[in-house]
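Reproduced below: entry_7.txt, with compact mmCIF, C-alpha atoms and all ligand atoms.
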# COMPACT_ATOMS: atom_id res chain seq x y z
CA MET A 10 63.59 36.90 -25.52
CA LYS A 11 60.73 39.16 -24.51
CA TYR A 12 63.24 41.33 -22.71
CA ARG A 13 65.36 41.74 -25.90
CA ILE A 14 62.34 42.71 -28.00
CA ALA A 15 61.39 45.32 -25.42
CA VAL A 16 64.90 46.82 -25.46
CA ALA A 17 65.01 46.79 -29.28
CA ALA A 18 61.60 48.50 -29.41
CA ALA A 19 62.69 51.11 -26.87
CA LEU A 20 65.84 51.87 -28.84
CA PHE A 21 64.11 51.97 -32.23
CA PRO A 22 63.76 55.80 -32.21
CA VAL A 23 67.55 56.08 -31.93
CA VAL A 24 68.01 54.08 -35.12
CA ALA A 25 65.18 55.84 -36.92
CA TRP A 26 66.38 59.27 -35.69
CA ALA A 27 62.81 59.85 -34.65
CA TRP A 28 63.04 61.54 -31.30
CA PRO A 29 60.51 64.34 -30.95
CA TRP A 30 63.29 66.89 -31.20
CA SER A 31 64.76 65.44 -34.38
CA THR A 32 64.52 67.92 -37.22
CA ASP A 33 64.63 65.64 -40.22
CA MET A 34 61.24 66.99 -41.35
CA MET A 35 63.22 70.12 -42.26
CA ASP A 36 64.99 68.20 -44.99
CA GLN A 37 62.46 67.88 -47.72
CA PRO A 38 62.32 68.73 -51.40
CA SER A 39 60.48 72.06 -50.95
CA ILE A 40 62.38 75.27 -51.83
CA LYS A 41 63.39 77.15 -48.70
CA PRO A 42 63.58 80.92 -48.32
CA GLN A 43 66.78 82.40 -49.86
CA GLU A 44 67.53 79.05 -51.53
CA GLY A 45 68.49 78.94 -55.17
CA GLU A 46 67.64 81.63 -57.69
CA MET A 47 64.98 84.13 -56.75
CA ALA A 48 61.84 84.12 -58.89
CA PRO A 49 61.32 87.46 -60.62
CA PHE A 50 58.72 89.79 -59.09
CA PRO A 51 55.34 89.77 -60.78
CA LYS A 52 54.92 92.57 -63.30
CA ARG A 53 53.69 95.86 -61.80
CA SER A 54 54.46 94.85 -58.22
CA ILE A 55 55.41 97.78 -55.99
CA PRO A 56 58.24 97.72 -53.44
CA LEU A 57 57.02 98.67 -49.97
CA ARG A 58 60.45 99.81 -48.83
CA THR A 59 63.59 99.98 -50.88
CA ASP A 60 67.04 101.03 -49.86
CA ARG A 61 67.69 103.67 -52.39
CA VAL A 62 71.09 104.95 -53.28
CA ASP A 63 71.24 108.53 -54.40
CA SER A 64 74.33 109.73 -56.17
CA ASP A 65 76.77 111.85 -54.10
CA MET A 66 75.69 115.00 -55.90
CA LEU A 67 72.25 114.64 -54.37
CA LEU A 68 73.29 113.94 -50.82
CA THR A 69 72.90 117.46 -49.50
CA GLU A 70 71.67 116.87 -45.98
CA VAL A 71 69.22 119.45 -44.74
CA ALA A 72 67.55 119.38 -41.33
CA ASN A 73 64.47 121.47 -42.10
CA ARG A 74 62.77 123.66 -44.72
CA ASP A 75 64.75 126.76 -43.81
CA GLU A 76 68.01 124.97 -44.56
CA ALA A 77 66.57 123.69 -47.85
CA LYS A 78 65.45 127.16 -48.97
CA PRO A 79 68.64 128.28 -50.80
CA LEU A 80 69.06 124.98 -52.68
CA THR A 81 68.56 124.79 -56.42
CA SER A 82 67.69 121.63 -58.28
CA PRO A 83 70.82 119.53 -58.86
CA ILE A 84 69.23 117.47 -61.62
CA PRO A 85 68.65 118.58 -65.21
CA VAL A 86 65.31 119.49 -66.71
CA THR A 87 65.09 116.77 -69.35
CA PRO A 88 61.98 115.15 -70.86
CA GLU A 89 62.84 111.97 -68.90
CA VAL A 90 63.09 113.80 -65.58
CA LEU A 91 59.87 115.71 -66.24
CA ALA A 92 58.07 112.48 -67.15
CA LYS A 93 59.19 110.86 -63.90
CA GLY A 94 58.25 113.96 -61.93
CA LYS A 95 54.82 113.99 -63.52
CA THR A 96 54.16 110.34 -62.63
CA LEU A 97 55.22 110.94 -59.03
CA PHE A 98 53.24 114.17 -58.83
CA ARG A 99 50.06 112.41 -59.91
CA ILE A 100 50.64 109.66 -57.34
CA TYR A 101 51.80 111.75 -54.38
CA CYS A 102 50.49 115.28 -54.83
CA GLY A 103 47.41 115.12 -57.06
CA ALA A 104 45.04 113.78 -54.41
CA CYS A 105 45.30 117.00 -52.41
CA HIS A 106 46.53 119.63 -54.90
CA GLY A 107 44.67 118.34 -57.98
CA GLN A 108 46.13 116.21 -60.78
CA THR A 109 47.48 119.33 -62.49
CA GLY A 110 48.02 121.38 -59.34
CA LYS A 111 44.92 123.55 -59.65
CA ALA A 112 43.60 122.62 -56.19
CA ASP A 113 40.54 121.12 -57.84
CA SER A 114 40.58 117.62 -56.30
CA PRO A 115 37.59 116.57 -54.18
CA VAL A 116 39.53 117.29 -50.96
CA SER A 117 41.57 120.35 -51.98
CA SER A 118 39.26 122.94 -50.50
CA LYS A 119 38.39 120.82 -47.47
CA ILE A 120 41.98 120.62 -46.25
CA GLY A 121 43.18 123.92 -47.68
CA ALA A 122 45.62 122.47 -50.24
CA ILE A 123 46.77 125.49 -52.22
CA PRO A 124 47.03 125.63 -56.02
CA LEU A 125 50.61 124.93 -57.14
CA VAL A 126 50.20 126.69 -60.49
CA ASP A 127 49.87 130.17 -58.96
CA ASP A 128 52.70 132.73 -58.89
CA TYR A 129 53.19 132.10 -55.16
CA VAL A 130 54.58 128.60 -55.83
CA GLN A 131 55.85 129.25 -59.37
CA LYS A 132 57.72 132.50 -58.68
CA THR A 133 57.85 133.43 -54.98
CA LEU A 134 58.93 130.13 -53.44
CA THR A 135 62.44 128.87 -54.18
CA GLU A 136 63.08 125.43 -55.67
CA GLY A 137 64.75 124.52 -52.40
CA TRP A 138 61.68 125.51 -50.38
CA ILE A 139 59.45 123.30 -52.56
CA TYR A 140 62.01 120.49 -52.11
CA GLY A 141 61.96 121.15 -48.37
CA THR A 142 58.15 121.11 -48.31
CA ILE A 143 58.09 117.71 -50.03
CA THR A 144 60.84 116.43 -47.71
CA PHE A 145 59.49 117.70 -44.37
CA GLY A 146 55.86 118.54 -45.19
CA SER A 147 54.29 121.83 -44.21
CA TYR A 148 51.69 122.61 -41.52
CA ILE A 149 48.85 120.38 -42.66
CA MET A 150 50.77 118.71 -45.46
CA PRO A 151 52.64 115.54 -44.38
CA ALA A 152 56.30 114.75 -45.20
CA TYR A 153 57.30 112.61 -48.16
CA GLY A 154 61.02 112.40 -47.39
CA LYS A 155 61.82 112.75 -43.69
CA PRO A 156 58.78 112.33 -41.47
CA THR A 157 61.04 111.65 -38.48
CA ALA A 158 62.25 115.26 -38.62
CA ARG A 159 58.72 116.46 -37.79
CA ASP A 160 57.49 116.89 -34.23
CA ASP A 161 54.34 114.92 -35.06
CA GLY A 162 56.15 112.41 -37.30
CA ARG A 163 53.39 112.58 -39.94
CA GLY A 164 54.20 111.34 -43.42
CA SER A 165 56.30 108.68 -45.10
CA ASP A 166 59.77 108.33 -46.58
CA ASP A 167 58.37 107.22 -49.91
CA LEU A 168 60.32 109.63 -52.13
CA SER A 169 64.10 109.44 -52.54
CA VAL A 170 66.14 112.65 -52.79
CA GLU A 171 66.28 112.27 -56.56
CA GLU A 172 62.55 111.64 -56.84
CA ARG A 173 61.79 114.75 -54.76
CA TRP A 174 63.89 116.87 -57.14
CA GLN A 175 62.14 115.26 -60.10
CA VAL A 176 58.84 116.45 -58.62
CA VAL A 177 60.29 119.95 -58.05
CA ASN A 178 61.46 120.13 -61.68
CA TYR A 179 58.05 119.00 -62.87
CA VAL A 180 56.23 121.51 -60.66
CA ARG A 181 58.41 124.38 -61.90
CA HIS A 182 58.83 123.46 -65.56
CA GLN A 183 55.75 121.63 -66.79
CA LEU A 184 52.87 121.74 -64.31
CA VAL A 185 51.52 125.07 -65.55
CA LYS A 186 51.51 123.84 -69.16
CA ASP A 187 49.73 120.62 -68.17
CA ALA A 188 47.21 122.61 -66.11
CA ALA A 189 46.41 124.88 -69.06
CA ALA A 190 45.81 121.86 -71.27
CA GLU A 191 43.34 120.24 -68.88
CA PRO A 192 39.93 121.69 -67.96
CA THR A 193 39.51 122.58 -64.29
CA LYS A 194 37.25 120.12 -62.54
CA THR A 195 34.05 121.57 -61.16
CA ALA A 196 32.22 120.20 -58.14
CA ALA A 197 29.63 118.64 -60.49
CA ALA A 198 32.30 116.82 -62.50
CA GLN A 199 33.83 115.08 -59.47
C1 LIG B 201 47.52 115.20 -47.74
C2 LIG B 201 47.37 116.34 -48.62
C3 LIG B 201 48.60 116.86 -49.33
C4 LIG B 201 49.44 116.16 -50.17
C5 LIG B 201 49.38 114.71 -50.56
C6 LIG B 201 50.41 117.13 -50.63
N1 LIG B 201 50.16 118.35 -50.11
FE1 LIG B 201 51.20 120.05 -50.48
N2 LIG B 201 50.03 121.06 -49.17
C7 LIG B 201 48.90 120.55 -48.54
C8 LIG B 201 48.26 121.59 -47.77
C9 LIG B 201 46.98 121.41 -46.96
C10 LIG B 201 49.03 122.76 -47.95
C11 LIG B 201 48.78 124.15 -47.37
C12 LIG B 201 48.86 124.15 -45.87
C13 LIG B 201 50.22 123.79 -45.40
O1 LIG B 201 51.17 124.57 -45.65
O2 LIG B 201 50.37 122.72 -44.81
C14 LIG B 201 50.14 122.38 -48.82
C15 LIG B 201 51.14 123.26 -49.23
C16 LIG B 201 52.07 122.97 -50.19
C17 LIG B 201 53.06 123.92 -50.69
C18 LIG B 201 53.24 125.37 -50.24
C19 LIG B 201 54.15 125.42 -49.03
C20 LIG B 201 54.25 126.83 -48.46
O3 LIG B 201 55.28 127.12 -47.86
O4 LIG B 201 53.31 127.61 -48.58
C21 LIG B 201 53.77 123.29 -51.67
C22 LIG B 201 54.90 123.87 -52.50
C23 LIG B 201 53.24 121.93 -51.75
N3 LIG B 201 52.21 121.79 -50.84
C24 LIG B 201 53.70 120.99 -52.64
C25 LIG B 201 53.29 119.66 -52.62
C26 LIG B 201 53.87 118.64 -53.46
C27 LIG B 201 54.93 118.88 -54.52
C28 LIG B 201 53.27 117.47 -53.12
C29 LIG B 201 53.57 116.10 -53.64
C30 LIG B 201 54.89 115.57 -53.32
C31 LIG B 201 52.28 117.76 -52.10
N4 LIG B 201 52.33 119.10 -51.83
C32 LIG B 201 51.45 116.82 -51.51
C33 LIG B 201 48.44 119.25 -48.61
C34 LIG B 201 49.05 118.23 -49.31

Go through the file and emit its structure as structure tokens.
Amino acid sequence: MKYRIAVAAALFPVVAWAWPWSTDMMDQPSIKPQEGEMAPFPKRSIPLRTDRVDSDMLLTEVANRDEAKPLTSPIPVTPEVLAKGKTLFRIYCGACHGQTGKADSPVSSKIGAIPLVDDYVQKTLTEGWIYGTITFGSYIMPAYGKPTARDDGRGSDDLSVEERWQVVNYVRHQLVKDAAAEPTKTAAAQ
């Protein structure tokens, strides 16, 4: 009798499916990743990395700023585009070049960020060169499109092709007006 109880006790884990390697703890009522419908993102959350799809028209591949130089903006200058460009400019360019491109941010003079409202950027540089500068960066300026094309790899791929052109359109078609409407910051005001 004792012998039978011992065997039954030894075999109990088989019946209970309770060997250490059993995975029945996995099956529980909690919601598992990728299961069911995804909850919507909280309002104002920001994607860290998105796979963006640019329309074919925008997929002009350029390897460096020189190749970008002859390009002209493929997207129209509409109020919507300018509004998007302005938002991106204030996020990505304002810290160094000033919120309205007057090189009046606290760091502008320290790192030599040039004013973008001057004739040099407004008239001498081509749209393509400005696009190329945003894409690949410049000497001190980091890249915002293709940091991997730089020898030092500095920058991020935060801006899609379309977003970079939106910034170019904003720089060339509205920045000067916005700059004129806003007083230049002085060292005391910062
Ligand atoms: C981290 C600081 C920094 C940020 C952010 C930055 N720039 Fe610059 N940018 C510079 C500096 C410094 C220079 C001048 C030295 C150089 O050419 O690198 C410059 C130069 C430029 C030039 C002139 C290039 C030339 O050939 O002379 C343009 C145009 C320009 N920036 C546009 C932009 C735009 C548009 C953005 C936003 C997408 C931006 N920059 C963001 C620092 C920055």

- Quick one: everything within 10 Å of Glu70 (chain A), counting only C-alpha atoms, minus sequence neighbours fewer than 4 positions away in the same chain. Send it as a ChimeraX atom specification. /A:76-77,170

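Distances here use all atoms listed in the file; by that measure, the residue among A:Met150, A:Ala190, A:Leu134, A:Ala92 closest to Gly121 (chain A) is A:Met150.
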
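With distances restricted to all atoms listed in the file, A:Tyr179 is the closest residue to Arg99 (chain A) from A:Tyr179, A:Trp28, A:Phe50, A:Phe145.
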
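Minimum distance to Ile139 (chain A) across A:Pro49, A:Gly164, A:Pro156, A:Pro79 (counting all atoms listed in the file) occurs at A:Pro79.
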
- Item | Surroundings of ligand LIG 201 (chain B) up to 6 Å, based on all atoms listed in the file, as number ranges by chain | A: 98, 101-102, 104-105, 120-123, 130, 139, 142-143, 147-150

- Message: Set the distance at 8 Å and use all atoms listed in the file: which residues neighbour Trp174 (chain A) once local chain neighbours fewer than 5 positions away are removed? I'd like the list as a PyMOL selection string.
- Response: chain A and resi 82-84+94+140

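Between CA of Tyr129 (chain A) and CA of Gly162 (chain A) lies a distance of 26.7 Å.
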
- Using CA of Thr32 (chain A) and CA of Ala19 (chain A) as the two end points, give the distance in Å to one decimal. 19.8 Å

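Among A:Leu184, A:Thr96, A:Glu89, A:Met35, the residue with the shortest atom-to-atom distance to Pro124 (chain A), counting all atoms listed in the file, is A:Leu184.
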
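In this model, the gap between CA of Gln183 (chain A) and CA of Gly154 (chain A) comes to 22.1 Å.
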
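Of the residues listed (A:Ala112, A:Val185, A:Thr193, A:Arg74), A:Arg74 shows the shortest atom-to-atom separation from Ala152 (chain A); distances use only C-alpha atoms.
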
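Using only C-alpha atoms, the smallest distance between any of A:Trp30, A:Val116, A:Lys186, A:Val180 and Lys93 (chain A) comes from A:Val180.
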